[in-house]
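Enquirer: Have a look at this one before I ask anything.
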Amino acid sequence: MKLLMCSPQYYGIEYEINPWMSRSRQSTPQLARTQWQGLRRLLQDQLAIDVQLVEPQQGLPDMVFTANAGLVYRNKFIVSNFRHDVRRGEAPFFAEWFRQQGFEIIHLPRDHFFEGEGDLLKYGDRWFAGYHIRSDITGHQNVAEIIEQEILSLELTNDWFYHLDTCFCPLREGQALFYPMAFDSYARQVLDNNIPQLIAVSEEEAAKFACNAIVAGDTIVMSEGCPKVREQLESLGFAVFETPLSEFHKAGGSAKCLALIIE
Amino acid sequence: MAQSVVEISGHIIDSLILPKVLDLIINLGAEFEILDIKIGNRRADRSYARIRIDAPTSALLDRVLAKLKEHGALPVSEESESALLEPAPADGVFPDQFYSTTNLTTWVRVDDRWIEVAFSEMDCGIRVDPQAARAECVPIHRVKKNDLVVVGHRGIKIQPIERQIPRAGFEFMSSAVSTEQPKGILIQEIAESMKQVRREQGRILVVAGPGLVHTGAARFLVRLIEDDYVQVIFAGNGLAVHDIESALYGTSLGVYLDKKIRALEGHEHHLWAINAVRRAGSIRQAVESGLIGKGIFYSCVKKGVDFILAGSIRDDGPLPDVVTDTLQAQELMREKVRGVSLALMMATTLHAIATGNLLPATVKTVCVDINPAVVTKLTDRGTFQAIGLVTDVEPFLRALCQSLDLEVAG
């Protein structure tokens, strides 16, 4: 497994684009750096995952959430079209990084919003996509054509769970975590129809970003503070690693948001 | 009967998007006929449907189309079509079927490019200058003959907003107005927003009715003005009259505010107050001459806070500052809402709705009234971003000042 991360050198709450963010509840830069380093070391040193780094940019505090940069599919990098102006500046820096690594860079039509892996997660041989709050359904239709794979779009209805990766986490074929109150009834039905073992996360642990976990085979990396989910995952045979990420929760992100899957 | 054809494609079967779209059409009160459907043979193949929608009215059809758009069902070839422009037939008259605006951020497609529409305001038309690639909201009375105006819904795109004031905790009780809501948390959030606006040197607008003076709450507003939490005030004749009456005579509508008893012949006080200001020439002149020495409008003059008093048909006097030409008052208000990022509406129905009509949906709007119907009315008339607090204005302002750490005597 190979992941892309970005140092939180310029991370902070500089604007409010989701209900978690409040400029009056700032992050502590030193603690954010320590927590991010903790995650990186866990992935790289303990779990031997290849972690690549993209240079952070001043004035783009959310670049640390690399999962939203776009989608990597084989040798293609589909660049995000962020819904909010304040994040649009990130896209060129991510595109340039992937271009330098030899990827084919693909841009979607400008008026179709798409926020990368934040709203698009692979499950077996198909993908689930979240739409309505950040990404547009039309954005995902474009991506489906490019990658020639099935994408099932799920309507997100709860502003607190604005990206799919905050309320849904595919584990392995037939298993996934989800927070039911983040979806409309059709989306819940689609998940139910397609995933035999669907594990509902409590409101309390969903708010601790239990679903925003990195899954690497039988290993799961997640924020600390979700004992019930941890127990369930362990009973399914997963090795669970918890790490403190509270500084990033202030911006509405956790483990998964901090890493983009390159392969 | 109004009719339109939409297309939807993608993985619309397994994702239940197609059944959802069809349910939406029925639930909104329209009917559909599937004109064409192609189901993908393999999992990765796209499916496609072409659907005709029949609605009893064109207004309902527009609602259905707007809703379907969010789920990826688009009117046929709409994405590449430019907006239809027609010249205004006369000054103050839009072409028939003109596009009537929302208060949301809107784009219009002109000559194959999307232009953002300036000055978001609901219930206006969109005037386009294709040469300059400019588009702006324009109220009906300000359009000039031969101005190019958007007609129909083609080539229009609007951007929904996220909730303006994030609530503490999880918000499953999502109605905008409720007597059941915990007010303390909301007031704390409003105070935080006000602090933030002040820090960023933004503008806060207060819209208030005379109830604010009658309930003895004026002193809290004075304190907010003195501490730079208010940059603009919109009101009617009444607020100013009773504020000045209380500055000159200690009464509001003839009732002593400190003793809560009726003054002898007290009903004359507010008329005498009007007369005194008329003699002075204006509120500013009355303050500068020393006639008015305290109160809301005294503080406004001293702190340089802009105020606009809009007249109505039942006004006594009115005060010389009152703008009695409604259109002129609207224009002045329109000018002053530019740059406002928070609006606090208290104890007024008429002025709250009038102001709500002029505000873009991006302005945080708080409506405080003892009558829940006022907030409901405001949101029903399109100011859906408004957050309502059902409470008397005096305890509200008292709690707000406390949350802002402002001490007010009395």
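Labeling convention for the structure tokens: chains A, B, ... as they appear, residues from 1 per chain, ligands from 1 in order of appearance.
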Using DSSP on the backbone, list every residue of stretch 194-367 of chain B that comes out as helix (DSSP H, G or I), and give them as a ChimeraX atom specification.
Expert: /B:194-199,211-214,218-226,237-249,266-280,283-288,296-303,326-337,350-358
Enquirer: Considering only C-alpha atoms, give me a table of residues in chain B that are at most 6 Å from chain A, with the closest atom pair and distance in Å for each, as CSV.
Expert:
residue,atom,partner,partner_atom,distance
B:Gly10,CA,A:Gln141,CA,5.5
B:Ser15,CA,A:Leu152,CA,4.8
B:Ala44,CA,A:Glu150,CA,4.4
B:Gly72,CA,A:Thr138,CA,5.6
B:Pro166,CA,A:Pro19,CA,4.8
Enquirer: Pick the closest to B:Glu116 from B:Thr348, B:Ile156, B:Ile353, B:Tyr99: which is it, counting only C-alpha atoms?
Expert: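 For B:Glu116, the nearest of the given residues is B:Ile156.
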Enquirer: Just list the residues in stretch 102-323 of chain B DSSP gives strand (DSSP E or B) on the backbone, as an NGL selection string.
Expert: :B and (105-110 or 113-116 or 118 or 125-129 or 134-138 or 148-151 or 156-159 or 203-208 or 232-235 or 251-252 or 255-256 or 262 or 306-310 or 323)
Enquirer: Output N, CA and C atoms for every residue in that selection, as a short mmCIF file (atom, residue, chain, number, x, y, z; two decimals), in the first residue's frame.
Expert:
data_model
loop_
_atom_site.label_atom_id
_atom_site.label_comp_id
_atom_site.auth_asym_id
_atom_site.auth_seq_id
_atom_site.Cartn_x
_atom_site.Cartn_y
_atom_site.Cartn_z
N THR B 105 -26.58 32.23 -4.33
CA THR B 105 -25.57 32.55 -5.35
C THR B 105 -26.00 31.89 -6.67
N THR B 106 -26.04 32.67 -7.73
CA THR B 106 -26.60 32.21 -9.01
C THR B 106 -25.62 32.47 -10.14
N TRP B 107 -25.57 31.53 -11.10
CA TRP B 107 -24.79 31.75 -12.31
C TRP B 107 -25.72 31.74 -13.51
N VAL B 108 -25.34 32.49 -14.51
CA VAL B 108 -26.13 32.48 -15.74
C VAL B 108 -25.16 32.19 -16.90
N ARG B 109 -25.63 31.37 -17.84
CA ARG B 109 -24.75 31.00 -18.95
C ARG B 109 -25.00 31.93 -20.13
N VAL B 110 -23.98 32.69 -20.48
CA VAL B 110 -24.09 33.66 -21.58
C VAL B 110 -22.92 33.42 -22.52
N ARG B 113 -20.40 30.73 -21.53
CA ARG B 113 -19.64 30.74 -20.27
C ARG B 113 -20.57 31.10 -19.11
N TRP B 114 -20.21 30.59 -17.95
CA TRP B 114 -21.03 30.85 -16.76
C TRP B 114 -20.56 32.14 -16.10
N ILE B 115 -21.51 33.04 -15.84
CA ILE B 115 -21.19 34.31 -15.17
C ILE B 115 -21.91 34.32 -13.83
N GLU B 116 -21.20 34.71 -12.77
CA GLU B 116 -21.86 34.80 -11.47
C GLU B 116 -22.71 36.07 -11.43
N ALA B 118 -24.29 39.23 -9.84
CA ALA B 118 -23.93 40.11 -8.72
C ALA B 118 -25.18 40.51 -7.93
N GLY B 125 -35.13 40.34 -11.24
CA GLY B 125 -34.79 39.76 -12.52
C GLY B 125 -33.28 39.76 -12.66
N ILE B 126 -32.77 39.12 -13.72
CA ILE B 126 -31.32 39.16 -13.96
C ILE B 126 -31.06 39.97 -15.22
N ARG B 127 -30.33 41.08 -15.04
CA ARG B 127 -29.98 41.94 -16.18
C ARG B 127 -28.58 41.54 -16.63
N VAL B 128 -28.42 41.32 -17.93
CA VAL B 128 -27.15 40.82 -18.46
C VAL B 128 -26.57 41.83 -19.44
N ASP B 129 -25.28 42.07 -19.29
CA ASP B 129 -24.55 42.85 -20.29
C ASP B 129 -23.55 41.88 -20.94
N ARG B 134 -21.24 40.72 -17.77
CA ARG B 134 -21.72 41.05 -16.42
C ARG B 134 -23.18 40.67 -16.28
N ALA B 135 -23.55 40.20 -15.10
CA ALA B 135 -24.96 39.91 -14.81
C ALA B 135 -25.25 40.37 -13.39
N GLU B 136 -26.42 40.95 -13.18
CA GLU B 136 -26.75 41.40 -11.83
C GLU B 136 -28.25 41.29 -11.58
N CYS B 137 -28.60 41.13 -10.28
CA CYS B 137 -30.00 41.14 -9.90
C CYS B 137 -30.50 42.57 -10.00
N VAL B 138 -31.68 42.75 -10.55
CA VAL B 138 -32.24 44.09 -10.64
C VAL B 138 -33.72 44.03 -10.25
N LEU B 148 -31.19 43.89 -21.33
CA LEU B 148 -31.38 42.47 -21.61
C LEU B 148 -31.62 41.71 -20.31
N VAL B 149 -32.73 40.96 -20.29
CA VAL B 149 -33.16 40.29 -19.06
C VAL B 149 -33.34 38.79 -19.36
N VAL B 150 -32.95 37.94 -18.39
CA VAL B 150 -33.07 36.49 -18.58
C VAL B 150 -34.55 36.08 -18.51
N VAL B 151 -34.98 35.29 -19.49
CA VAL B 151 -36.33 34.72 -19.44
C VAL B 151 -36.23 33.19 -19.41
N ILE B 156 -29.41 28.60 -16.24
CA ILE B 156 -29.34 29.18 -14.89
C ILE B 156 -28.89 28.08 -13.93
N LYS B 157 -28.00 28.44 -13.05
CA LYS B 157 -27.52 27.45 -12.07
C LYS B 157 -27.47 28.14 -10.72
N ILE B 158 -27.99 27.49 -9.68
CA ILE B 158 -27.88 28.11 -8.36
C ILE B 158 -27.14 27.19 -7.41
N GLN B 159 -26.42 27.82 -6.49
CA GLN B 159 -25.61 27.02 -5.56
C GLN B 159 -26.27 27.01 -4.18
N ARG B 203 -19.77 44.03 9.04
CA ARG B 203 -20.90 44.88 9.39
C ARG B 203 -22.05 44.06 9.97
N ILE B 204 -22.60 44.54 11.07
CA ILE B 204 -23.77 43.91 11.68
C ILE B 204 -24.95 44.86 11.53
N LEU B 205 -26.05 44.30 11.05
CA LEU B 205 -27.27 45.07 10.84
C LEU B 205 -28.28 44.72 11.93
N VAL B 206 -28.87 45.75 12.53
CA VAL B 206 -29.95 45.52 13.49
C VAL B 206 -31.25 46.06 12.88
N VAL B 207 -32.27 45.23 12.89
CA VAL B 207 -33.59 45.67 12.43
C VAL B 207 -34.50 45.54 13.66
N ALA B 208 -35.14 46.63 14.07
CA ALA B 208 -35.86 46.56 15.34
C ALA B 208 -37.17 47.31 15.30
N VAL B 232 -25.25 49.23 11.30
CA VAL B 232 -26.40 49.75 10.56
C VAL B 232 -27.68 49.43 11.33
N ILE B 233 -28.63 50.36 11.33
CA ILE B 233 -29.94 50.08 11.93
C ILE B 233 -31.03 50.39 10.89
N PHE B 234 -31.94 49.43 10.72
CA PHE B 234 -33.14 49.67 9.93
C PHE B 234 -34.33 49.64 10.89
N ALA B 235 -35.21 50.59 10.76
CA ALA B 235 -36.40 50.59 11.61
C ALA B 235 -37.46 51.45 10.93
N THR B 251 -40.58 58.33 29.20
CA THR B 251 -41.71 57.42 28.96
C THR B 251 -41.60 56.78 27.58
N SER B 252 -42.31 55.67 27.41
CA SER B 252 -42.47 55.08 26.09
C SER B 252 -43.97 54.84 25.93
N VAL B 255 -45.76 55.60 29.14
CA VAL B 255 -45.53 54.83 30.37
C VAL B 255 -44.09 55.05 30.83
N TYR B 256 -43.96 55.44 32.11
CA TYR B 256 -42.61 55.62 32.65
C TYR B 256 -41.88 54.29 32.65
N ARG B 262 -48.27 54.88 34.20
CA ARG B 262 -48.67 55.75 33.10
C ARG B 262 -48.52 57.21 33.53
N ASP B 306 -24.95 54.05 10.76
CA ASP B 306 -25.93 54.40 9.73
C ASP B 306 -27.31 53.96 10.17
N PHE B 307 -28.33 54.79 9.99
CA PHE B 307 -29.68 54.30 10.22
C PHE B 307 -30.61 54.74 9.11
N ILE B 308 -31.52 53.83 8.79
CA ILE B 308 -32.53 54.16 7.77
C ILE B 308 -33.89 53.90 8.38
N LEU B 309 -34.72 54.94 8.41
CA LEU B 309 -36.07 54.81 8.94
C LEU B 309 -37.02 54.83 7.75
N ALA B 310 -37.74 53.71 7.59
CA ALA B 310 -38.67 53.62 6.47
C ALA B 310 -40.09 53.87 6.98
N VAL B 323 -38.03 58.11 5.69
CA VAL B 323 -38.15 58.11 4.23
C VAL B 323 -39.54 57.58 3.90
#
Enquirer: Set out as CSV a contact list for stretch 95-211 of chain A and stretch 52-73 of chain A with a cut-off of 9 Å, giving each residue of stretch 95-211 of chain A that qualifies its closest atom pair and distance in Å to one decimal, counting only C-alpha atoms, ordered by chain and rising residue number.
Expert:
residue,atom,partner,partner_atom,distance
A:Ala95,CA,A:Ala69,CA,8.4
A:Trp97,CA,A:Val54,CA,6.8
A:Phe103,CA,A:Val72,CA,8.8
A:Phe114,CA,A:Gly70,CA,7.8
A:Glu115,CA,A:Asn68,CA,5.1
A:Gly116,CA,A:Gly70,CA,3.6
A:Glu117,CA,A:Ala67,CA,5.2
A:Gly118,CA,A:Asn68,CA,4.9
A:Asp119,CA,A:Asn68,CA,7.9
A:Leu120,CA,A:Leu71,CA,8.0
A:Val143,CA,A:Leu71,CA,8.9
A:Ile147,CA,A:Tyr73,CA,7.0
Enquirer: Mind checking which residues fall within 12 Å of stretch 185-196 of chain B, counting only C-alpha atoms, ignoring those fewer than 3 positions away in the same chain, and posting them as a PyMOL selection string?
Expert: (chain A and resi 14-16+22-25) or (chain B and resi 164-169+176-178+181-182+199-206+224+227-231+340-344+363-368+387-391+395-406)
Enquirer: Tell me, as a PyMOL selection string, which residues lie within 7 Å of B:Val64, counting only C-alpha atoms; anything in the same chain fewer than 3 positions away does not count.
Expert: chain B and resi 25+28+60-61+67-68
